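To keep things clear, I will list the structure first and then write my remarks on it.
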Amino acid sequence: MSLSRSQLEFVEGKATGNSSRVSVNKSEASATVQESSRPATAGAQSEVSGAKAPGVDVPEGGLAAWKTVAGAFLCQMCGFGYAGSFGVYQDFYARVYLTHETSSAISWIGSINAFLVISSGLIAGRLYDRGYFYHLLYGGSLLLAFSLFMLSLAKPDKYYQVFLSQGVGAGLGAGMVYIPSVAVLSHYFHKRRALAMTIVASGSSLGAIIHPIMLNNTLTTIGFGSAARANAGMIAGLLVIACLLMRTPGRQQLRAPPNLWASAKRFSKDGAYIFATLGMTTFAMGFYFPLFYIQLDSVSHGLSRTFSFYSLVILNGCSFFGRLSPGFFANRLGVENITVVSTFICGTLILGMIGLSSVGSVVAIGIIYGFFAGTYIAMLAPLLAHLTDNLSELGARMGIALAFSGIGTLIGTPIDGAILTDDYVWWRAAVFSGVMAFVGFGCFCVSIILLRRRKMSQHADPSRVEKV
């Protein structure tokens, strides 16, 4: 079988050192991985041959584009930013509001919320591909705001009321908004897409700074109901602004996404992708331990309550810079290299929480872990794009990988709470989370080794391109 035209251009571009065609073809996936990407397979050509080359008609900025970036930033601030602030609720519920529940049961609220934010993208992404951008944006914003107002009506020690409103309702609403707020950026940016995506991703970190400060200063002063309503009102107002700002460029084209199960069977033969997905899943089981428990850990060790309230703010504040910075040097250092380094450092610091007992240790862990945790989150989408050889399947690949990652998020912190016990034996949870983080680090290493071997074999034998 002869190579298609785009594949021949890829091979010739590699021989001459000119990778501009590869960069254009791959830009649909991510602007942070332009020159090291693989071409579309022969099977993908029939799906994209009639389409214009990605990036040709992209406006590359403009008022509408940057308004959409601002709106997406606000969506991330209200969705993932709120999910990342659950450490405040974990502390408050355990000590004041849900005192009859174990730490494990309480953490299920936050883990279900985070799981739905991440994993609902499997469905929301397919709806977005069918052209339901505004339906997802408006419906998700309404559900998120409504659920948080319902949370303010939850009574003390009524676990199911908090679980349904904060865990299920708010998680589904934020998950519906997440995919559209990220995917729409590809319609506006090509060369500056990495910058736009890192700006949007940093919104979740800013939200995870603002929400804890607001909640810690209102929960104990004006009461849970009023504090939750004030927080819900702020989120509702920001989401209204986001809905007014975000637009798709022109009429969105309706198209049927590829069959999910057929795609999953095809992905199962891609070893690099499989190990990356395993890495995301196992790493997620340890990743959220500091986010959910650092404030409660600080309080239980007798540190100043005022300082403990801001421990999560310190962590999330550094995560803000961690999410912004990779967009400026990912092309030079390599997305996969940054991912491996960040997971290794995060795993080390999670184990380091065994020795957390002083203000200095909390600050050190908060600053370093926050920065590299933000870096890891910022690199996930570019890493998955780096592993994708068929652009029409990128959404399905990301959806499946994030769904499995959501499972790790779902079960990780409840396990932490169970082995923590009511006596707060912190080293047990820290060891479990740290080990799982290092298992994820190992899976990422294997994924990158397999990916590089595949690239070397393709470079040595260009005829293998069509067989991948």
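Ordered as shown in the structure tokens, chains take letters A, B, and onward, while each chain numbers its residues from 1 and ligands are numbered from 1 in the order shown.
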
Using only C-alpha atoms, I'd like a table of the residues in region 272-376 of chain A that come within 12 Å of region 97-119 of chain A; for each, show the closest atom pair and its distance in Å rounded to one decimal, ordered by chain and ascending number, as JSON lines.
```
{"residue": "A:Met280", "atom": "CA", "partner": "A:Ile118", "partner_atom": "CA", "distance": 11.8}
{"residue": "A:Thr281", "atom": "CA", "partner": "A:Phe115", "partner_atom": "CA", "distance": 11.3}
{"residue": "A:Ala284", "atom": "CA", "partner": "A:Phe115", "partner_atom": "CA", "distance": 10.3}
{"residue": "A:Met285", "atom": "CA", "partner": "A:Ser111", "partner_atom": "CA", "distance": 10.2}
{"residue": "A:Phe287", "atom": "CA", "partner": "A:Ser111", "partner_atom": "CA", "distance": 11.6}
{"residue": "A:Tyr288", "atom": "CA", "partner": "A:Ser111", "partner_atom": "CA", "distance": 8.8}
{"residue": "A:Phe289", "atom": "CA", "partner": "A:Ser107", "partner_atom": "CA", "distance": 10.0}
{"residue": "A:Leu291", "atom": "CA", "partner": "A:Gly110", "partner_atom": "CA", "distance": 10.4}
{"residue": "A:Phe292", "atom": "CA", "partner": "A:Ser107", "partner_atom": "CA", "distance": 7.7}
{"residue": "A:Tyr293", "atom": "CA", "partner": "A:Ser107", "partner_atom": "CA", "distance": 9.3}
{"residue": "A:Leu296", "atom": "CA", "partner": "A:Ser103", "partner_atom": "CA", "distance": 10.2}
{"residue": "A:Asp297", "atom": "CA", "partner": "A:Ser103", "partner_atom": "CA", "distance": 11.9}
```

DSSP alpha helix (DSSP H) selection over region 165-321 of chain A, as a PyMOL selection string: chain A and resi 170-183+193-216+224-245+260-267+271-287+289-300+305-309+311-321

Residue neighbourhood region 353-366 of chain A, 10 Å, only C-alpha atoms, exclusion window fewer than 5 positions, as a count of residues only: 36

Exercise: region 178-189 of chain A partners within 8 Å, only C-alpha atoms, chain neighbours under 5 positions left out, as JSON, numbers by chain: {"A": [28, 55, 58, 59, 60, 61, 65, 68, 69, 71, 72, 75, 76, 79, 117, 121, 124, 125, 128, 133, 136, 137, 196, 197, 200, 248, 249]}

Between CA of Leu351 (chain A) and CA of Asp423 (chain A) - distance in Å to one decimal: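 Those two atoms sit 19.4 Å apart.
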
Counting only C-alpha atoms, the residue of A:Leu164, A:Gly207, A:Ile407, A:Ala272 that sits nearest Phe80 (chain A):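 Of A:Leu164, A:Gly207, A:Ile407, A:Ala272, the one nearest Phe80 (chain A) is A:Gly207, counting only C-alpha atoms.
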
Region 441-458 of chain A environment, 7 Å, only C-alpha atoms, sequence neighbours closer than 4 positions dropped, as a list in words: Gly271, Ala272, Tyr273, Phe275, Ala276, Leu278, Gly279, Glu336, Val340, Thr343, Phe344, Ala437, Pro462, Arg464 and Val465 of chain A

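Between Ile338 (chain A) and the residues A:Gly139, A:Pro326, A:Gly374, A:Gly417, the shortest atom-to-atom distance, using only C-alpha atoms, involves A:Pro326.
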
Among listed residues A:Leu239, A:Met379, A:Ile274, A:Val439, nearest Phe404 (chain A) (using only C-alpha atoms): A:Ile274

Between CA of Ser205 (chain A) and CA of Met77 (chain A) - distance in Å to one decimal: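 So the two atoms, CA of Met77 (chain A) and CA of Ser205 (chain A), lie 7.1 Å apart.
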
Point-to-point distance from CA of Gln166 (chain A) to CA of Ala403 (chain A), Å rounded to tenths: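 So the two atoms, CA of Gln166 (chain A) and CA of Ala403 (chain A), lie 19.8 Å apart.
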